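Participant: What follows is run-v6.cif, made up of mmCIF, C-alpha atoms and all ligand atoms:
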data_query
#
loop_
_atom_site.label_atom_id
_atom_site.label_comp_id
_atom_site.auth_asym_id
_atom_site.auth_seq_id
_atom_site.Cartn_x
_atom_site.Cartn_y
_atom_site.Cartn_z
CA MET S 91 -3.75 -9.92 4.87
CA SER S 92 -0.84 -7.98 6.22
CA SER S 93 -0.09 -4.57 4.80
CA GLU S 94 3.57 -5.55 4.68
CA LEU S 95 2.83 -8.34 2.27
CA LEU S 96 0.63 -6.08 0.24
CA ASP S 97 3.32 -3.43 0.05
CA VAL S 98 6.10 -5.66 -1.12
CA THR S 99 4.18 -7.60 -3.71
CA GLY S 100 1.64 -5.19 -5.12
CA ALA S 101 -1.06 -7.86 -4.98
CA VAL S 102 -4.08 -7.56 -2.80
CA GLY S 103 -4.91 -10.92 -1.42
CA ASN S 104 -2.03 -12.98 -0.38
CA ARG S 105 1.22 -14.58 -0.91
CA LEU S 106 1.60 -13.54 -4.23
CA ALA S 107 1.23 -14.41 -7.65
CA ALA S 108 3.04 -13.84 -10.74
CA PRO S 109 3.09 -13.06 -14.31
CA ALA S 110 5.53 -14.23 -16.87
CA ALA S 111 5.40 -14.13 -20.61
CA GLY S 112 2.50 -13.62 -22.89
CA ALA S 113 0.84 -10.34 -22.17
CA ARG S 114 -2.86 -10.73 -21.64
CA SER S 115 -4.30 -7.31 -21.43
CA ALA S 116 -7.54 -8.51 -19.89
CA GLY S 117 -5.71 -9.80 -16.86
CA ASN S 118 -6.36 -12.80 -14.63
CA THR S 119 -9.92 -13.14 -13.56
CA GLY S 120 -9.35 -15.74 -10.87
CA GLY S 121 -10.93 -18.63 -12.70
CA GLY S 122 -12.82 -18.17 -15.90
CA THR S 123 -15.03 -15.23 -15.00
CA ALA S 124 -15.82 -12.70 -17.70
CA ASN S 125 -14.12 -9.32 -17.50
CA THR S 126 -17.02 -7.16 -16.46
CA GLY S 127 -15.04 -4.57 -14.52
CA VAL S 128 -15.73 -3.11 -11.11
CA GLN S 129 -19.22 -2.54 -9.75
CA VAL S 130 -19.70 -0.51 -6.58
CA ALA S 131 -23.32 -0.51 -5.42
CA ASN S 132 -24.63 1.73 -2.64
CA VAL S 133 -21.50 1.56 -0.53
CA SER S 134 -21.52 3.36 2.82
CA LYS S 135 -18.76 3.46 5.39
CA SER S 136 -18.42 5.16 8.78
CA PHE S 137 -15.54 5.46 11.20
CA GLY S 138 -15.63 6.02 14.93
CA PRO S 139 -17.16 4.46 18.01
CA GLU S 140 -20.83 3.58 18.31
CA GLY S 141 -22.81 6.74 18.98
CA ALA S 142 -20.10 9.01 17.55
CA LYS S 143 -19.67 7.63 14.07
CA THR S 144 -18.59 9.83 11.15
CA LEU S 145 -20.07 8.93 7.80
CA VAL S 146 -17.17 8.89 5.34
CA LEU S 147 -18.77 7.25 2.29
CA ASP S 148 -22.44 7.91 1.73
CA ASP S 149 -24.24 5.60 -0.69
CA VAL S 150 -21.49 5.52 -3.32
CA SER S 151 -22.28 3.69 -6.56
CA LEU S 152 -20.11 3.48 -9.66
CA SER S 153 -19.17 1.14 -12.48
CA ILE S 154 -15.78 0.85 -14.09
CA HIS S 155 -15.97 -1.05 -17.35
CA ALA S 156 -13.37 -3.68 -18.17
CA GLY S 157 -10.33 -1.93 -19.62
CA GLU S 158 -11.53 1.50 -18.56
CA PHE S 159 -9.29 4.04 -16.80
CA VAL S 160 -11.25 5.99 -14.20
CA SER S 161 -9.79 8.65 -11.92
CA VAL S 162 -11.21 9.87 -8.63
CA ILE S 163 -10.54 13.45 -7.61
CA GLY S 164 -11.87 15.53 -4.75
CA PRO S 165 -10.95 17.55 -1.69
CA SER S 166 -8.75 16.13 1.03
CA GLY S 167 -10.71 13.86 3.35
CA CYS S 168 -13.60 13.19 0.95
CA GLY S 169 -13.00 9.45 1.15
CA LYS S 170 -11.02 8.67 -2.02
CA SER S 171 -8.57 6.34 -0.28
CA THR S 172 -11.34 4.79 1.79
CA LEU S 173 -13.27 3.99 -1.39
CA LEU S 174 -10.17 2.44 -2.92
CA LYS S 175 -9.55 0.37 0.23
CA VAL S 176 -13.12 -0.91 0.24
CA ILE S 177 -12.75 -1.99 -3.40
CA ALA S 178 -9.40 -3.61 -2.55
CA GLY S 179 -10.94 -5.51 0.34
CA LEU S 180 -8.63 -3.79 2.82
CA SER S 181 -11.58 -2.15 4.56
CA ASP S 182 -15.12 -3.46 4.90
CA ALA S 183 -18.11 -1.41 3.82
CA ASP S 184 -20.92 -1.02 6.34
CA ASP S 185 -23.50 -1.27 3.57
CA GLY S 186 -23.53 -1.98 -0.12
CA ALA S 187 -21.58 -4.36 -2.32
CA VAL S 188 -18.51 -4.44 -4.55
CA THR S 189 -17.89 -6.95 -7.30
CA ILE S 190 -14.77 -7.43 -9.42
CA ASP S 191 -15.44 -9.13 -12.74
CA GLY S 192 -18.62 -10.50 -11.20
CA LYS S 193 -16.90 -11.86 -8.10
CA THR S 194 -17.05 -10.71 -4.53
CA VAL S 195 -14.02 -8.81 -3.26
CA ALA S 196 -13.12 -11.76 -1.02
CA SER S 197 -13.14 -14.08 -4.00
CA ALA S 198 -11.26 -11.57 -6.18
CA THR S 199 -8.50 -11.12 -3.62
CA LYS S 200 -8.21 -14.87 -3.18
CA GLY S 201 -7.82 -15.16 -6.95
CA LYS S 202 -5.28 -12.31 -6.91
CA MET S 203 -7.34 -10.34 -9.39
CA ILE S 204 -6.55 -7.00 -7.77
CA GLY S 205 -3.24 -5.12 -7.92
CA LEU S 206 -2.52 -2.13 -5.74
CA VAL S 207 0.02 0.64 -6.27
CA PRO S 208 0.41 2.64 -3.05
CA GLN S 209 1.68 6.19 -2.63
CA SER S 210 5.19 5.05 -1.77
CA PRO S 211 6.97 2.38 -3.81
CA ALA S 212 7.80 0.14 -0.81
CA LEU S 213 10.53 -1.80 -2.59
CA LEU S 214 12.63 -4.16 -0.46
CA PRO S 215 16.01 -2.38 -0.16
CA TRP S 216 18.04 -5.60 -0.08
CA ARG S 217 16.58 -6.86 -3.32
CA THR S 218 17.51 -5.66 -6.79
CA VAL S 219 14.85 -4.08 -8.98
CA LEU S 220 14.38 -7.33 -10.87
CA GLU S 221 14.15 -9.31 -7.62
CA ASN S 222 11.56 -6.88 -6.27
CA VAL S 223 9.46 -7.11 -9.37
CA THR S 224 9.86 -10.87 -9.49
CA LEU S 225 8.66 -11.22 -5.90
CA PRO S 226 5.01 -11.72 -6.87
CA ILE S 227 6.10 -14.75 -8.88
CA THR S 228 8.35 -16.30 -6.29
CA VAL S 229 6.12 -15.97 -3.23
CA ASN S 230 3.82 -18.95 -2.90
CA PRO S 231 4.39 -20.36 -6.39
CA LYS S 232 1.65 -22.95 -5.85
CA ALA S 233 -0.88 -20.15 -5.84
CA ASN S 234 0.13 -19.29 -9.39
CA ALA S 235 -1.20 -22.47 -10.91
CA GLY S 236 -3.34 -21.65 -13.93
CA ARG S 237 -2.46 -17.97 -13.95
CA THR S 238 -1.21 -16.01 -16.90
CA LEU S 239 2.15 -14.63 -15.89
CA ARG S 240 4.14 -11.79 -17.37
CA ASP S 241 7.88 -11.65 -17.88
CA PRO S 242 9.25 -9.22 -15.24
CA GLN S 243 12.29 -8.29 -17.29
CA GLU S 244 10.17 -7.52 -20.34
CA ILE S 245 7.85 -5.35 -18.25
CA LEU S 246 10.76 -3.49 -16.67
CA GLU S 247 12.15 -2.82 -20.14
CA SER S 248 8.74 -1.51 -21.24
CA PHE S 249 8.85 0.87 -18.29
CA GLY S 250 12.29 2.12 -19.36
CA LEU S 251 14.03 0.33 -16.51
CA GLY S 252 15.94 -2.22 -18.57
CA HIS S 253 19.24 -0.60 -17.58
CA ALA S 254 18.35 -0.72 -13.88
CA ILE S 255 17.23 -4.31 -13.38
CA ASN S 256 20.30 -5.25 -11.33
CA LYS S 257 20.41 -2.07 -9.30
CA TYR S 258 19.14 -1.71 -5.75
CA PRO S 259 16.27 0.69 -4.93
CA SER S 260 18.66 3.10 -3.21
CA GLN S 261 20.50 3.52 -6.52
CA LEU S 262 17.33 4.69 -8.27
CA SER S 263 15.62 8.09 -8.31
CA GLY S 264 12.21 8.40 -6.62
CA GLY S 265 10.51 8.38 -10.00
CA MET S 266 12.31 5.24 -11.10
CA GLN S 267 11.41 3.51 -7.83
CA GLN S 268 7.77 4.32 -8.31
CA ARG S 269 7.94 3.10 -11.89
CA ALA S 270 9.35 -0.21 -10.59
CA ALA S 271 6.43 -0.43 -8.14
CA ILE S 272 3.96 0.05 -10.98
CA ALA S 273 5.78 -2.52 -13.10
CA ARG S 274 5.55 -4.92 -10.14
CA ALA S 275 1.79 -4.53 -10.08
CA PHE S 276 1.49 -5.22 -13.82
CA VAL S 277 3.75 -8.22 -13.59
CA PHE S 278 1.24 -10.59 -12.02
CA ASP S 279 -1.33 -9.48 -14.57
CA PRO S 280 -4.23 -8.63 -12.26
CA SER S 281 -7.60 -7.94 -13.76
CA VAL S 282 -7.98 -4.64 -11.88
CA LEU S 283 -5.37 -2.09 -10.80
CA LEU S 284 -6.03 0.31 -7.95
CA MET S 285 -3.62 3.23 -7.71
CA ASP S 286 -3.63 5.62 -4.77
CA GLU S 287 -1.82 8.81 -5.79
CA PRO S 288 1.22 6.88 -7.02
CA PHE S 289 3.05 10.02 -8.17
CA SER S 290 2.21 12.34 -5.29
CA ALA S 291 5.70 12.23 -3.79
CA LEU S 292 7.38 13.31 -7.03
CA ASP S 293 8.22 16.80 -8.25
CA GLU S 294 6.13 18.10 -11.13
CA MET S 295 8.60 17.36 -13.94
CA ASN S 296 9.27 13.87 -12.71
CA ARG S 297 5.58 13.35 -12.10
CA ASP S 298 4.72 14.28 -15.66
CA GLN S 299 7.36 11.93 -16.99
CA GLN S 300 6.05 9.03 -14.89
CA ARG S 301 2.46 9.83 -15.83
CA LEU S 302 3.32 9.72 -19.54
CA GLY S 303 5.20 6.45 -19.00
CA LEU S 304 2.17 4.91 -17.31
CA LEU S 305 -0.10 6.23 -20.07
CA ASP S 306 2.11 4.74 -22.74
CA PHE S 307 2.28 1.36 -21.01
CA TRP S 308 -1.40 1.22 -20.13
CA GLN S 309 -2.44 2.09 -23.70
CA THR S 310 -0.82 -1.10 -24.91
CA ASN S 311 -1.64 -3.16 -21.79
CA ARG S 312 -5.20 -2.16 -21.01
CA LYS S 313 -6.36 -2.85 -17.50
CA THR S 314 -9.38 -1.81 -15.53
CA VAL S 315 -7.94 1.02 -13.43
CA LEU S 316 -9.18 3.15 -10.55
CA PHE S 317 -6.70 5.97 -10.00
CA VAL S 318 -6.84 8.41 -7.08
CA THR S 319 -5.22 11.77 -7.72
CA HIS S 320 -5.23 15.43 -6.68
CA SER S 321 -3.96 16.56 -10.08
CA VAL S 322 -6.49 17.76 -12.66
CA PRO S 323 -4.11 17.49 -15.68
CA GLU S 324 -3.08 14.01 -14.55
CA ALA S 325 -6.69 12.86 -14.28
CA ILE S 326 -7.51 14.21 -17.74
CA MET S 327 -4.41 12.90 -19.45
CA LEU S 328 -4.87 9.35 -18.17
CA SER S 329 -8.60 8.82 -17.85
CA ASP S 330 -11.66 7.80 -19.79
CA ARG S 331 -13.82 9.23 -17.01
CA ILE S 332 -13.22 11.40 -13.97
CA ILE S 333 -15.28 11.00 -10.82
CA VAL S 334 -15.45 14.14 -8.70
CA MET S 335 -16.17 13.47 -5.04
CA ALA S 336 -17.60 15.82 -2.44
CA ALA S 337 -16.73 15.63 1.26
CA HIS S 338 -18.59 15.36 4.58
CA PRO S 339 -19.88 12.88 3.79
CA GLY S 340 -17.90 11.51 0.86
CA ARG S 341 -20.12 11.06 -2.16
CA ILE S 342 -20.01 11.28 -5.93
CA ALA S 343 -20.74 14.83 -7.03
CA ASP S 344 -19.99 14.66 -10.74
CA VAL S 345 -18.78 12.33 -13.48
CA ILE S 346 -16.92 13.87 -16.41
CA ASP S 347 -16.26 11.96 -19.63
CA VAL S 348 -12.79 12.51 -21.08
CA ASP S 349 -13.47 12.11 -24.78
CA LEU S 350 -9.93 12.88 -25.95
CA PRO S 351 -8.84 10.42 -28.63
CA ARG S 352 -6.35 7.66 -27.80
CA PRO S 353 -3.52 6.96 -27.99
CA ARG S 354 -2.63 10.20 -26.22
CA ASP S 355 0.76 11.77 -25.68
CA ALA S 356 2.18 15.01 -24.28
CA ASP S 357 0.88 16.98 -27.29
CA VAL S 358 -2.63 16.64 -25.86
CA TYR S 359 -1.82 19.17 -23.13
CA ALA S 360 -1.74 21.98 -25.70
CA THR S 361 -5.11 21.23 -27.33
CA ASP S 362 -8.27 23.28 -26.89
CA GLU S 363 -10.15 20.12 -25.93
CA PHE S 364 -7.73 19.49 -23.06
CA ARG S 365 -8.07 23.06 -21.83
CA ASP S 366 -11.88 22.85 -22.03
CA LEU S 367 -11.85 19.66 -19.97
CA GLU S 368 -9.48 21.23 -17.47
CA GLY S 369 -11.92 24.11 -17.08
CA ALA S 370 -14.84 21.71 -16.62
CA VAL S 371 -13.07 19.63 -13.95
CA ARG S 372 -11.85 22.72 -12.09
CA THR S 373 -15.36 24.22 -12.14
CA SER S 374 -16.80 20.99 -10.79
CA LEU S 375 -14.16 20.87 -8.04
CA GLN S 376 -14.81 24.50 -7.20
CA SER S 377 -18.52 23.74 -6.79
CA VAL S 378 -17.66 20.89 -4.48
CA MET S 379 -15.29 23.06 -2.43
CA GLU S 380 -17.88 25.79 -2.13
CA LYS S 381 -20.38 23.15 -1.03
CA LYS S 382 -22.70 24.06 -3.87
CA TYR S 383 -23.25 20.35 -4.34
CA VAL S 384 -26.02 18.98 -2.19
N1 LIG W 1 -9.09 4.01 9.73
C1 LIG W 1 -9.69 5.16 9.95
N2 LIG W 1 -10.20 5.46 11.15
C2 LIG W 1 -10.87 6.61 11.36
N3 LIG W 1 -11.05 7.54 10.42
C3 LIG W 1 -10.55 7.31 9.20
C4 LIG W 1 -9.84 6.10 8.90
N4 LIG W 1 -9.47 6.15 7.60
C5 LIG W 1 -9.91 7.32 7.12
N5 LIG W 1 -10.56 8.01 8.06
C6 LIG W 1 -11.20 9.31 7.90
O1 LIG W 1 -12.04 9.22 6.78
C7 LIG W 1 -12.02 10.43 6.04
C8 LIG W 1 -11.65 10.14 4.61
O2 LIG W 1 -10.29 9.72 4.58
P1 LIG W 1 -9.60 9.31 3.21
O3 LIG W 1 -8.17 9.02 3.50
O4 LIG W 1 -10.39 8.26 2.55
O5 LIG W 1 -9.75 10.66 2.38
P2 LIG W 1 -9.01 11.10 1.04
O6 LIG W 1 -10.04 11.74 0.19
O7 LIG W 1 -8.26 9.96 0.46
O8 LIG W 1 -8.01 12.19 1.62
P3 LIG W 1 -6.62 12.75 1.03
O9 LIG W 1 -6.94 13.36 -0.29
O10 LIG W 1 -6.20 13.77 2.02
O11 LIG W 1 -5.67 11.57 0.93
C9 LIG W 1 -11.04 11.35 6.75
O12 LIG W 1 -11.77 12.22 7.59
C10 LIG W 1 -10.20 10.40 7.57
O13 LIG W 1 -9.72 11.03 8.73
#
Just give me the structure of the file as structure tokens.

Facilitator:
Amino acid sequence: MSSELLDVTGAVGNRLAAPAAGARSAGNTGGGTANTGVQVANVSKSFGPEGAKTLVLDDVSLSIHAGEFVSVIGPSGCGKSTLLKVIAGLSDADDGAVTIDGKTVASATKGKMIGLVPQSPALLPWRTVLENVTLPITVNPKANAGRTLRDPQEILESFGLGHAINKYPSQLSGGMQQRAAIARAFVFDPSVLLMDEPFSALDEMNRDQQRLGLLDFWQTNRKTVLFVTHSVPEAIMLSDRIIVMAAHPGRIADVIDVDLPRPRDADVYATDEFRDLEGAVRTSLQSVMEKKYV
């Protein structure tokens, strides 16, 4: 599928889907499949011409349980985005398998079970916020038969954008635009959300605000989430587990459980438990950077 279509709808798979009314936290599973989450089994991926290939993902295996929020962190170039693209079906693995709620990626994308939030919001400038977020519902309405749809206006209000629904993207701050892009992904109620550094373009204050907004929304609208980030506090605040990747080749070096109670809010930052976890993640990253991990 074209990246343009992906960008403007937030759905991986095709001419978009749509959610309206009746929040179903489990999400659409593309036809009666149980929510079993994401399974990545022995995935390898290389880039480059035959004879000069670079191994980017080396035998990566992980499970994300249904409704679990998992972050991936690691040095630049370790393959975080590549892993996310393989799970999204935007890039094929050379070896291994990925299943989404028990279905192949091809089947999951066809059933519009996967939502993607890219680094930049990619809203259509000539459409209002509401029209952008409604796009997944209006494109190819036939494909929405049997889906649980969410009410775009209600979701925008939940994201604190109720006052901005009739504004154009250019009238919004960067943070508000990215919030609209996240709302757009929730609106067609996918089973799995893949987020690739959605807040990386924002300044720290704005970033923290958006992060807390996402946390708040996700805690009442649980989805299976894989979230790529470079920010340790962000990974801890949002996640149930943090996967630390090593580079050259990209592989899983460490998995850290984030056993902070939920629901969480900004007060968590000041707790000893948060600081301990921050120390643990930074130590793990340091090991990876120093290539202590073999
Ligand atoms: N389409 C491609 N063709 C060739 N090489 C690629 C392609 N996509 C990614 N790579 C290479 O694969 C490696 C991993 O890239 P990837 O973007 O997955 O890393 P990352 O961990 O997400 O990096 P960053 O944190 O900087 O965004 C890099 O060396 C990159 O240059």

Participant: Where does stretch 280-322 of chain S meet stretch 362-379 of chain S within 12 Å, residue by residue, with the nearest atom pair and distance in Å to one decimal for each, counting only C-alpha atoms, listed by chain and rising number, as a tab-separated table?

Facilitator:
residue	atom	partner	partner_atom	distance
S:His320	CA	S:Leu375	CA	10.5
S:Ser321	CA	S:Arg372	CA	10.2
S:Val322	CA	S:Glu368	CA	6.6

Participant: Could you check how far atom CA of S:Val219 sits from atom CA of S:Leu292, in Å to one decimal?

Facilitator: 19.0 Å

Participant: Around the point (-7.7, 16.3, -3.5), in the coordinates given by the file, pick out the residues reaching within 9 Å, counting all atoms listed in the file, and return them as number ranges by chain.

Facilitator: S: 162-168, 170, 318-321

Participant: Output the neighbourhood of ligand LIG 1 (chain W) as a ChimeraX atom specification, that is, all protein and nucleic acid residues with some atom at most 12 Å from the ligand, counting all atoms listed in the file.

Facilitator: /S:134-139,142-148,162-176,180-182,208-209,285-288,290,317-321,334-342

Participant: Considering only C-alpha atoms, state which residue in the set S:Gln261, S:Ser329, S:Thr189, S:Ser161 is at the smallest distance from S:Thr119.

Facilitator: S:Thr189

Participant: Pick the closest to S:Thr361 from S:Gln299, S:Met327, S:Asn256, S:Asp279: which is it, counting only C-alpha atoms?

Facilitator: S:Met327

Participant: Looking at only C-alpha atoms, which of S:Thr199, S:Asn118, S:Thr218, S:Ser210 is the one that sits closest to S:Ser260?

Facilitator: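 Once distances to S:Ser260 are computed over only C-alpha atoms, the minimum belongs to S:Thr218.
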
Participant: When distances are computed from only C-alpha atoms, which of S:Asp330, S:Asp185, S:Asp298, S:Glu247 shows the smallest separation from S:Val160?

Facilitator: S:Asp330

Participant: If we draw a sphere of 12 Å around (11.8, 2.4, -17.9), which residues have at least one atom in it when counting only C-alpha atoms? Please report them as a ChimeraX atom specification.

Facilitator: /S:219,243-255,262-263,265-273,299-300,302-304,306-307
